[in-house]
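Structure file model_37.cif; described as mmCIF, C-alpha atoms.
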data_upload
#
loop_
_atom_site.label_atom_id
_atom_site.label_comp_id
_atom_site.auth_asym_id
_atom_site.auth_seq_id
_atom_site.Cartn_x
_atom_site.Cartn_y
_atom_site.Cartn_z
CA MET R 1 22.18 37.21 -7.47
CA ILE R 2 23.55 33.88 -8.49
CA SER R 3 27.20 34.08 -9.39
CA ASN R 4 28.56 32.92 -12.72
CA HIS R 5 30.13 30.05 -10.84
CA GLU R 6 26.72 28.84 -9.62
CA ALA R 7 25.30 29.20 -13.10
CA GLY R 8 27.90 26.80 -14.41
CA GLY R 9 29.98 29.76 -15.55
CA ARG R 10 27.12 31.20 -17.59
CA VAL R 11 24.81 34.16 -17.58
CA PRO R 12 21.15 33.08 -18.00
CA ASP R 13 19.86 33.20 -21.57
CA ASP R 14 16.32 33.97 -20.39
CA LYS R 15 14.37 34.73 -17.20
CA ILE R 16 10.88 34.02 -15.95
CA ASP R 17 9.30 35.32 -12.72
CA LEU R 18 6.74 32.83 -11.41
CA ARG R 19 6.24 34.26 -7.94
CA GLY R 20 2.53 34.14 -7.11
CA GLU R 21 1.85 31.35 -9.62
CA LEU R 22 0.37 28.15 -8.20
CA CYS R 23 1.39 24.56 -8.91
CA PRO R 24 1.29 23.22 -11.53
CA ILE R 25 0.84 26.40 -13.61
CA ASN R 26 4.35 27.55 -12.62
CA TYR R 27 5.75 24.27 -13.92
CA VAL R 28 3.76 24.41 -17.15
CA LYS R 29 4.91 27.99 -17.82
CA THR R 30 8.52 26.96 -17.21
CA LYS R 31 8.09 24.04 -19.59
CA LEU R 32 6.63 26.29 -22.28
CA ARG R 33 9.47 28.79 -21.93
CA LEU R 34 12.05 26.00 -22.14
CA GLU R 35 10.39 24.75 -25.34
CA ASP R 36 11.34 28.03 -26.99
CA MET R 37 14.97 27.64 -25.97
CA LYS R 38 17.83 25.59 -27.37
CA SER R 39 19.35 22.59 -25.63
CA GLY R 40 22.17 23.73 -23.33
CA GLN R 41 20.75 27.24 -22.80
CA VAL R 42 20.11 28.41 -19.23
CA LEU R 43 16.80 29.72 -17.87
CA GLU R 44 16.52 31.63 -14.61
CA VAL R 45 13.24 30.89 -12.76
CA LEU R 46 11.91 32.75 -9.74
CA LEU R 47 9.76 30.46 -7.57
CA ASP R 48 7.92 30.89 -4.27
CA ALA R 49 8.93 28.94 -1.19
CA GLY R 50 6.86 25.90 -0.19
CA GLU R 51 5.24 23.74 -2.85
CA PRO R 52 6.65 25.59 -5.89
CA ILE R 53 10.33 25.24 -4.93
CA GLN R 54 9.73 21.70 -3.67
CA ASN R 55 7.98 20.50 -6.81
CA VAL R 56 9.01 22.45 -9.92
CA PRO R 57 12.75 21.61 -9.92
CA ARG R 58 11.90 17.94 -9.32
CA SER R 59 9.54 17.88 -12.30
CA LEU R 60 12.08 19.66 -14.50
CA LYS R 61 14.73 17.07 -13.58
CA ASN R 62 12.26 14.31 -14.52
CA ASP R 63 11.91 15.99 -17.91
CA GLY R 64 15.65 15.68 -18.42
CA HIS R 65 16.70 19.26 -17.62
CA GLN R 66 19.54 20.05 -15.25
CA ILE R 67 19.34 22.24 -12.15
CA LEU R 68 22.54 24.27 -11.98
CA GLY R 69 21.87 26.23 -8.84
CA VAL R 70 19.28 27.32 -6.28
CA LYS R 71 19.51 30.43 -4.14
CA LYS R 72 17.17 32.04 -1.63
CA VAL R 73 16.37 35.66 -2.51
CA THR R 74 14.84 38.39 -0.38
CA GLY R 75 11.15 37.93 0.30
CA GLY R 76 11.43 34.16 0.80
CA ALA R 77 11.45 33.21 -2.90
CA TYR R 78 14.06 31.14 -4.73
CA ARG R 79 16.09 31.78 -7.86
CA VAL R 80 16.66 28.57 -9.82
CA LEU R 81 18.93 28.11 -12.81
CA VAL R 82 17.88 25.41 -15.24
CA ARG R 83 19.90 24.16 -18.19
CA LYS R 84 17.71 22.82 -20.95
CA GLY R 85 18.33 19.10 -21.52
CA MET N 1 -34.99 -32.82 -1.03
CA LYS N 2 -33.19 -33.22 -4.32
CA ILE N 3 -30.07 -31.16 -4.75
CA GLN N 4 -28.86 -30.30 -8.22
CA GLY N 5 -25.49 -28.63 -8.50
CA GLY N 6 -24.02 -26.60 -5.73
CA THR N 7 -23.75 -29.67 -3.48
CA THR N 8 -20.13 -29.03 -2.67
CA ILE N 9 -20.86 -25.44 -1.77
CA VAL N 10 -23.76 -26.37 0.46
CA VAL N 11 -21.63 -28.92 2.34
CA VAL N 12 -18.98 -26.32 2.94
CA LEU N 13 -21.43 -23.64 3.90
CA ARG N 14 -22.91 -25.97 6.45
CA GLU N 15 -19.50 -26.80 7.84
CA LEU N 16 -18.86 -23.12 8.15
CA GLY N 17 -22.17 -22.81 9.97
CA PHE N 18 -23.76 -20.71 7.26
CA CYS N 19 -26.86 -22.54 6.10
CA LYS N 20 -28.40 -24.39 8.97
CA GLY N 21 -31.84 -25.60 8.02
CA VAL N 22 -31.36 -25.20 4.28
CA ILE N 23 -31.08 -28.94 3.80
CA GLY N 24 -30.87 -31.81 6.25
CA MET N 25 -27.63 -32.47 8.07
CA ASP N 26 -27.71 -36.18 7.21
CA GLN N 27 -27.83 -35.31 3.53
CA SER N 28 -24.73 -33.17 3.88
CA GLN N 29 -22.89 -36.08 5.45
CA GLU N 30 -24.11 -38.31 2.64
CA ALA N 31 -22.99 -35.84 0.01
CA ARG N 32 -19.58 -35.61 1.57
CA GLU N 33 -19.10 -39.37 1.52
CA TYR N 34 -19.90 -39.53 -2.17
CA LEU N 35 -17.82 -36.59 -3.25
CA PRO N 36 -15.10 -37.67 -5.66
CA GLY N 37 -11.50 -36.75 -4.83
CA ASP N 38 -11.34 -33.59 -6.91
CA GLU N 39 -14.48 -32.29 -5.29
CA MET N 40 -12.91 -32.85 -1.90
CA GLN N 41 -10.16 -30.58 -3.16
CA ASP N 42 -12.89 -28.05 -3.83
CA VAL N 43 -14.18 -28.49 -0.30
CA ARG N 44 -10.80 -27.73 1.14
CA ARG N 45 -10.41 -24.67 -1.01
CA LEU N 46 -13.92 -23.50 -0.30
CA LYS N 47 -13.27 -23.64 3.40
CA MET N 48 -11.20 -20.54 2.86
CA GLY N 49 -14.54 -18.84 2.63
CA GLY N 50 -15.55 -16.12 0.26
CA PHE N 51 -19.31 -16.40 0.84
CA ILE N 52 -20.95 -13.73 2.91
CA LYS N 53 -24.43 -14.46 4.23
CA LEU N 54 -26.75 -11.60 3.41
CA LYS N 55 -29.77 -10.41 5.33
CA GLU N 56 -32.06 -11.69 2.61
CA LYS N 57 -32.95 -15.39 2.90
CA ASP N 58 -30.77 -17.82 0.88
CA MET N 59 -28.69 -14.98 -0.53
CA TYR N 60 -24.93 -14.67 -0.39
CA ALA N 61 -22.34 -12.24 -1.60
CA LEU N 62 -19.31 -13.66 -3.35
CA ARG N 63 -16.16 -12.07 -2.02
CA LEU N 64 -13.50 -12.08 -4.71
CA LYS N 65 -9.82 -12.16 -4.05
CA VAL N 66 -8.24 -9.02 -5.46
CA PRO N 67 -4.67 -9.06 -4.16
CA MET N 68 -3.35 -5.55 -3.63
CA GLY N 69 -6.51 -4.18 -5.24
CA ASN N 70 -5.27 -4.97 -8.73
CA LEU N 71 -7.02 -6.82 -11.52
CA PRO N 72 -6.16 -7.25 -15.19
CA ALA N 73 -8.71 -5.22 -17.14
CA GLU N 74 -9.64 -8.18 -19.34
CA VAL N 75 -11.31 -10.04 -16.45
CA LEU N 76 -13.85 -7.28 -15.83
CA PRO N 77 -16.34 -8.42 -18.50
CA LYS N 78 -16.48 -11.81 -16.73
CA LEU N 79 -17.26 -10.10 -13.42
CA ALA N 80 -20.03 -8.19 -15.12
CA GLU N 81 -21.34 -11.41 -16.65
CA VAL N 82 -21.37 -13.26 -13.30
CA ALA N 83 -22.98 -10.33 -11.49
CA THR N 84 -25.69 -10.12 -14.15
CA LYS N 85 -26.33 -13.85 -14.54
CA TYR N 86 -26.13 -14.96 -10.90
CA GLY N 87 -26.57 -11.72 -8.97
CA ARG N 88 -28.64 -8.62 -9.60
CA GLY N 89 -26.25 -6.84 -11.90
CA ARG N 90 -24.40 -5.06 -9.15
CA ILE N 91 -20.73 -5.14 -8.08
CA SER N 92 -19.57 -3.71 -4.75
CA LEU N 93 -16.14 -2.48 -3.72
CA THR N 94 -15.01 -3.30 -0.20
CA VAL N 95 -12.98 -1.22 2.22
CA ARG N 96 -10.02 -3.61 1.85
CA GLN N 97 -9.67 -3.16 -1.92
CA GLY N 98 -11.81 -6.20 -2.64
CA ILE N 99 -14.82 -6.85 -4.84
CA GLU N 100 -18.09 -8.48 -3.84
CA ILE N 101 -20.95 -9.70 -5.99
CA PRO N 102 -24.08 -9.60 -3.83
CA TRP N 103 -27.39 -11.51 -4.06
CA VAL N 104 -26.17 -14.84 -5.40
CA HIS N 105 -28.56 -17.64 -4.44
CA TYR N 106 -26.79 -20.44 -2.59
CA ARG N 107 -27.71 -22.90 -5.33
CA ASN N 108 -25.78 -20.78 -7.83
CA LEU N 109 -22.67 -20.25 -5.74
CA GLU N 110 -20.73 -23.12 -7.28
CA SER N 111 -21.57 -22.12 -10.86
CA ALA N 112 -20.65 -18.53 -10.16
CA ARG N 113 -17.38 -19.57 -8.52
CA GLN N 114 -16.49 -21.75 -11.50
CA ALA N 115 -17.26 -18.96 -13.96
CA LEU N 116 -14.93 -16.64 -12.06
CA GLN N 117 -12.26 -19.28 -11.92
CA GLU N 118 -12.25 -19.42 -15.73
CA VAL N 119 -10.54 -16.02 -15.69
CA GLY N 120 -8.35 -16.84 -12.69
CA ILE N 121 -10.42 -15.10 -10.02
CA GLU N 122 -10.49 -16.94 -6.70
CA LEU N 123 -12.67 -16.27 -3.71
CA ALA N 124 -11.22 -14.32 -0.83
CA GLY N 125 -10.80 -15.24 2.79
CA CYS N 126 -13.35 -14.72 5.52
CA GLY N 127 -13.46 -15.90 9.11
CA PRO N 128 -10.48 -16.48 11.38
CA ARG N 129 -7.90 -16.55 8.64
CA VAL N 130 -5.39 -14.39 6.79
CA ARG N 131 -7.36 -11.85 4.78
CA SER N 132 -6.58 -10.40 1.39
CA ILE N 133 -3.36 -8.37 1.53
CA VAL N 134 -3.87 -4.61 1.20
CA THR N 135 -1.14 -2.39 -0.21
CA CYS N 136 -0.80 1.11 -1.57
CA LYS N 137 0.38 1.60 -5.16
CA GLY N 138 4.07 1.51 -4.20
CA LYS N 139 6.47 2.49 -6.94
CA VAL N 140 3.64 3.65 -9.20
CA CYS N 141 3.33 6.66 -6.88
CA PRO N 142 6.03 9.36 -6.78
CA TYR N 143 6.38 8.90 -3.01
CA GLY N 144 6.58 5.09 -2.97
CA LEU N 145 9.93 3.86 -1.62
CA PHE N 146 9.71 0.23 -2.71
CA ASP N 147 7.64 -2.18 -4.77
CA THR N 148 4.66 -2.82 -2.46
CA PHE N 149 3.00 -5.07 -5.06
CA ALA N 150 6.02 -7.40 -5.02
CA LEU N 151 6.02 -7.59 -1.21
CA GLY N 152 2.23 -8.01 -1.19
CA GLU N 153 2.58 -10.90 -3.63
CA GLU N 154 5.22 -12.56 -1.45
CA LEU N 155 3.07 -12.17 1.68
CA ASP N 156 0.06 -13.48 -0.22
CA GLN N 157 1.96 -16.54 -1.43
CA ALA N 158 3.41 -17.22 2.01
CA PHE N 159 0.38 -16.69 4.23
CA PHE N 160 -2.96 -16.49 2.41
CA GLY N 161 -4.73 -19.80 2.91
CA PRO N 162 -7.24 -21.89 4.83
CA ARG N 163 -5.18 -22.12 8.04
CA GLN N 164 -7.40 -21.34 11.04
CA LEU N 165 -6.13 -18.68 13.41
CA PRO N 166 -7.60 -17.43 16.70
CA HIS N 167 -9.29 -14.59 14.81
CA LYS N 168 -9.01 -12.65 11.57
CA TYR N 169 -5.49 -11.62 10.57
CA LYS N 170 -5.06 -8.59 8.37
CA ILE N 171 -1.85 -7.57 6.68
CA GLY N 172 -1.33 -4.10 5.20
CA VAL N 173 1.60 -2.52 3.40
CA SER N 174 2.32 1.11 2.56
CA GLY N 175 5.23 2.28 0.47
CA CYS N 176 6.09 5.32 2.58
CA PRO N 177 5.18 7.12 5.83
CA ASN N 178 2.22 8.82 4.13
CA SER N 179 0.53 5.53 5.14
CA CYS N 180 -2.25 5.78 2.54
CA SER N 181 -3.10 2.10 3.03
CA LYS N 182 -3.19 2.54 6.84
CA PRO N 183 -0.75 -0.21 7.88
CA GLN N 184 -1.14 0.91 11.52
CA PHE N 185 -4.69 -0.47 11.57
CA ASN N 186 -3.75 -3.99 10.48
CA ASP N 187 -2.78 -6.93 12.68
CA VAL N 188 0.55 -6.72 10.88
CA GLY N 189 1.44 -3.51 9.05
CA TYR N 190 4.55 -2.64 7.08
CA MET N 191 5.41 0.94 6.15
CA GLY N 192 8.27 1.90 3.83
CA GLN N 193 11.06 4.08 5.20
CA VAL N 194 14.27 5.55 3.80
CA GLU N 195 17.32 6.79 5.64
CA PRO N 196 18.59 9.90 3.84
CA GLU N 197 22.30 10.46 3.24
CA LEU N 198 23.87 13.80 2.37
CA LYS N 199 26.52 14.21 -0.32
CA PRO N 200 28.08 17.39 1.11
CA GLY N 201 29.92 18.20 -2.13
CA LEU N 202 26.63 18.62 -4.01
CA CYS N 203 24.81 20.70 -1.36
CA THR N 204 24.76 24.45 -1.93
CA GLY N 205 22.95 25.21 1.33
CA CYS N 206 19.72 26.41 -0.30
CA GLU N 207 17.69 25.18 2.73
CA VAL N 208 14.79 23.83 0.62
CA CYS N 209 15.03 20.54 2.56
CA VAL N 210 15.05 22.27 5.95
CA GLU N 211 11.83 24.09 5.09
CA ALA N 212 10.23 20.98 3.59
CA CYS N 213 10.89 18.71 6.61
CA GLU N 214 7.62 18.64 8.55
CA ASP N 215 9.27 17.04 11.56
CA GLY N 216 11.91 19.68 12.19
CA ALA N 217 14.59 17.03 11.84
CA LEU N 218 16.91 19.23 9.75
CA THR N 219 18.85 22.28 10.92
CA MET N 220 21.55 24.27 9.13
CA GLN N 221 25.01 24.02 10.66
CA ASP N 222 28.01 25.64 8.94
CA GLY N 223 26.04 25.99 5.72
CA LEU N 224 24.91 22.36 5.52
CA PRO N 225 21.72 20.60 6.70
CA VAL N 226 22.23 18.25 9.66
CA ARG N 227 19.67 15.51 10.42
CA ASP N 228 18.46 14.67 13.92
CA PRO N 229 17.79 10.88 13.86
CA GLU N 230 15.48 11.22 16.88
CA LYS N 231 13.12 13.48 14.96
CA CYS N 232 13.50 11.96 11.47
CA ILE N 233 10.61 9.70 10.44
CA TYR N 234 12.48 8.38 7.36
CA CYS N 235 9.91 9.70 4.89
CA GLY N 236 12.42 10.78 2.24
CA THR N 237 10.92 14.23 1.66
CA CYS N 238 14.39 15.81 1.84
CA ILE N 239 15.56 13.48 -0.94
CA GLN N 240 12.56 14.30 -3.10
CA VAL N 241 12.76 18.08 -2.77
CA CYS N 242 16.53 18.53 -3.04
CA PRO N 243 16.97 20.33 -6.37
CA LEU N 244 20.64 19.33 -6.63
CA ASP N 245 20.40 15.66 -5.65
CA ALA N 246 22.60 16.21 -2.59
CA TRP N 247 20.29 14.06 -0.44
CA VAL N 248 20.31 10.46 -1.66
CA GLU N 249 18.63 7.24 -0.57
CA GLY N 250 20.55 5.26 2.03
CA ARG N 251 18.99 2.21 3.65
CA ILE N 252 15.42 1.40 2.63
CA GLY N 253 13.41 -0.62 5.12
CA LEU N 254 10.14 -1.07 6.92
CA ALA N 255 8.50 0.19 10.08
CA VAL N 256 6.61 -2.74 11.62
CA PHE N 257 3.26 -2.25 13.31
CA VAL N 258 1.44 -5.05 15.12
CA GLY N 259 -1.94 -5.35 16.75
CA GLY N 260 -3.73 -2.63 14.82
CA LYS N 261 -7.45 -3.04 14.19
CA PHE N 262 -10.71 -1.23 13.69
CA GLY N 263 -14.07 -2.58 14.81
CA LYS N 264 -15.84 -1.56 17.99
CA HIS N 265 -12.59 -0.93 19.82
CA PRO N 266 -10.08 0.47 17.35
CA ARG N 267 -6.40 0.22 18.15
CA PHE N 268 -3.34 1.79 16.59
CA GLY N 269 -0.69 -0.92 16.15
CA TYR N 270 2.41 -1.12 18.35
CA ARG N 271 5.44 0.08 16.41
CA ILE N 272 7.95 -2.70 17.08
CA ALA N 273 10.72 -1.95 14.55
CA ASP N 274 12.11 0.65 12.18
CA LEU N 275 14.08 0.15 8.97
CA LEU N 276 13.56 -3.62 9.00
CA PRO N 277 15.23 -4.98 5.83
CA LEU N 278 12.64 -5.81 3.15
CA ALA N 279 13.86 -9.41 3.02
CA GLU N 280 12.85 -9.80 6.69
CA ALA N 281 9.19 -8.93 6.10
CA VAL N 282 8.02 -12.47 5.31
CA PRO N 283 10.05 -14.23 8.06
CA VAL N 284 8.90 -11.70 10.69
CA CYS N 285 5.27 -12.03 9.62
CA GLY N 286 5.66 -15.81 9.85
CA ARG N 287 7.04 -15.62 13.39
CA ILE N 288 4.20 -13.30 14.40
CA MET N 289 1.71 -15.82 13.03
CA ASP N 290 3.43 -18.71 14.86
CA PHE N 291 3.35 -16.71 18.10
CA TYR N 292 -0.32 -15.91 17.59
CA LEU N 293 -1.15 -19.56 16.84
CA ALA N 294 0.71 -20.73 19.94
CA GLU N 295 -0.39 -18.05 22.38
CA GLY N 296 -3.59 -16.52 21.01
CA ARG N 297 -6.93 -17.51 22.51
CA LYS N 298 -9.85 -18.36 20.26
CA GLY N 299 -11.65 -15.17 19.30
CA GLU N 300 -8.78 -12.94 20.42
CA ARG N 301 -7.27 -10.52 17.92
CA LEU N 302 -3.50 -10.27 17.85
CA VAL N 303 -3.56 -7.07 19.88
CA GLY N 304 -5.29 -8.91 22.72
CA THR N 305 -2.54 -11.52 22.79
CA VAL N 306 0.17 -8.86 22.73
CA ASP N 307 -1.55 -6.83 25.48
CA ARG N 308 -2.00 -9.90 27.62
CA LEU N 309 1.57 -11.18 27.33
CA GLY N 310 3.38 -7.87 27.01
CA VAL N 311 4.86 -6.22 23.97
CA GLU N 312 8.46 -6.83 25.12
CA ARG N 313 7.98 -10.59 25.27
CA PHE N 314 6.26 -10.44 21.90
CA LYS N 315 9.11 -8.48 20.33
CA GLU N 316 11.68 -10.95 21.65
CA ALA N 317 9.77 -13.80 20.06
CA VAL N 318 9.25 -12.28 16.61
CA LEU N 319 12.15 -9.92 15.84
#
Structure encoded using structure tokens:
Amino acid sequence: MISNHEAGGRVPDDKIDLRGELCPINYVKTKLRLEDMKSGQVLEVLLDAGEPIQNVPRSLKNDGHQILGVKKVTGGAYRVLVRKG
Amino acid sequence: MKIQGGTTIVVVLRELGFCKGVIGMDQSQEAREYLPGDEMQDVRRLKMGGFIKLKEKDMYALRLKVPMGNLPAEVLPKLAEVATKYGRGRISLTVRQGIEIPWVHYRNLESARQALQEVGIELAGCGPRVRSIVTCKGKVCPYGLFDTFALGEELDQAFFGPRQLPHKYKIGVSGCPNSCSKPQFNDVGYMGQVEPELKPGLCTGCEVCVEACEDGALTMQDGLPVRDPEKCIYCGTCIQVCPLDAWVEGRIGLAVFVGGKFGKHPRFGYRIADLLPLAEAVPVCGRIMDFYLAEGRKGERLVGTVDRLGVERFKEAVL
């Protein structure tokens, strides 16, 4: 689990598990979920290793969102915390 | 034989050895003597080539200069017009990002050239000269490390021209080590590189960069990625994938390849430098050309000259 410290002192407001989703569907689903959230809220995203973790956070940053933390979880996936920009 | 129009072109074609027997040699000499000054200008420009003899009698392809493979969209209707009026309504793309209009009769070459010039399209180089500069899309692409169009433009301005060299001289530029424009197969090839720098305070040790590095140049030590400069190819993947912007761009420069070519005996260029400052690209290319002009034998590609004299001597002269 990501500590409150890594989450910028916050518990995620929402979560989405995108393990098994291919690029760019994982990114699009993240985008859609963020659209339903308010600016400043934090979304926790579970992403596979490889292309998903290498591409999705980069695209989210380009959209003006902030990556608060990234942590490897068991099974080789990554837990990413995104603050909506 | 009476010649109407296209005289200038015919003179030049003959000088280039393209249309023996089309009209008498004496007439060409006569035409040259009577050419007014501005047409002599044309002759000089036309010597840069741009006419490709086709298999079919009296037919040529016009090779258009398309620097870096880019054209303003508004010139395309003129290309279509020329191809329809003077060719057979067909436009061909070349391997080096150029455009050719085939099946133009030699008598129509001058009119076709003038029509293209109206929209600023010049003819491209052929023969033993600097060829059209090829680049990738540079900063337009997410991986591009520098503005390849700007460097291509500088190289074009500095080197494209009628100057005769021992053989053809191709220059290629790619914006990153993905090498989409294949700089390694040009006489002179430049490939963008970036030296990554780590901001340790921002790194949380997630290891995304370590897994993304295809060259095994990154290993985790005490919770932070450490880069092995011997393995790093300066591609910048670590910078691109870092979710927390802990890897940042340090020096940006160029790998320099020389002596690459295709043809019957393809060669991968010698890699003679890494992280060459961008501002050095034009001076280095100039020194390579001077070396080639001084040392190259007629009909010898640059790689032949470098092989013959040794790459170490070559490097000393040009770097």
Taking the file as I've supplied it (selection: the PyMOL selection byres ((chain N) within 10 of (chain R))), which residues are included? Please answer as number ranges by chain. N: 203-209, 211-212, 237-238, 240-245
Enumerate, as number ranges by chain, the residues matched when the PyMOL selection byres ((chain N and resi 127-141) around 6) is run on the file above. N: 67-68, 125-126, 142-144, 146-148, 160, 164-165, 167-175, 181
Just say which residues the PyMOL selection byres ((chain N and resi 254-260) around 8) picks in this file, as a PyMOL selection string. chain N and resi 183-193+252-253+261-262+266-278+281+301-304+306
Counting all atoms listed in the file, which residue out of R:Gly40, R:Leu34, R:Gly76, R:Leu46 sits closest to R:Asp63? R:Leu34
Please identify all polymer residues within 12 Å of R:Asp14, counting only C-alpha atoms, omitting same-chain residues fewer than 2 positions from it, and present them as a list in words.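 Listing them by chain and then by number gives Arg10, Val11, Pro12, Ile16, Asp17, Thr30, Arg33, Leu34, Asp36, Met37, Lys38, Gln41, Val42, Leu43, Glu44, Val45, Leu46, Val80, Leu81, Val82, Arg83 and Lys84 of chain R.
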Selection: 8 Å around stretch 51-61 of chain N, only C-alpha atoms, excl. self and same-chain fewer than 6 positions, as a VMD selection string: chain N and resid 18 100 to 106 126
Would you write out those residues with C-alpha atoms, as a PDB file, in the coordinates of the input?
ATOM      1  CA  PHE N  18     -23.760 -20.710   7.260  1.00  0.00           C
ATOM      2  CA  GLU N 100     -18.090  -8.480  -3.840  1.00  0.00           C
ATOM      3  CA  ILE N 101     -20.950  -9.700  -5.990  1.00  0.00           C
ATOM      4  CA  PRO N 102     -24.080  -9.600  -3.830  1.00  0.00           C
ATOM      5  CA  TRP N 103     -27.390 -11.510  -4.060  1.00  0.00           C
ATOM      6  CA  VAL N 104     -26.170 -14.840  -5.400  1.00  0.00           C
ATOM      7  CA  HIS N 105     -28.560 -17.640  -4.440  1.00  0.00           C
ATOM      8  CA  TYR N 106     -26.790 -20.440  -2.590  1.00  0.00           C
ATOM      9  CA  CYS N 126     -13.350 -14.720   5.520  1.00  0.00           C
TER      10      CYS N 126
END
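Atom to atom, atom CA of N:Asp156 and atom CA of N:Val282 stand 9.7 Å apart.
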What's around stretch 20-25 of chain R at 7 Å? Count only C-alpha atoms, leave out sequence neighbours fewer than 2 positions away in its own chain, and write the answer as a PyMOL selection string. chain R and resi 18+27-29+48+52
Give, as lines of an AutoDock Vina configuration file, the centre coordinates and the x, y and z edge lengths in Å to one decimal for an axis-aligned box around all listed atoms of stretch 183-189 of chain N, padded by 3 Å on each side.
center_x = -1.6
center_y = -3.0
center_z = 10.3
size_x = 12.1
size_y = 13.8
size_z = 10.8
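Straight-line separation from atom CA of N:Gly50 to atom CA of N:Lys65: 8.2 Å.
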Counting all atoms listed in the file, the option among N:Leu224, N:Lys182, N:Trp247, N:Pro229 closest to N:Lys199: N:Trp247
Quick check, in Å to one decimal: how far apart do atom CA of N:Val194 and atom CA of N:Arg227 lie? 13.1 Å
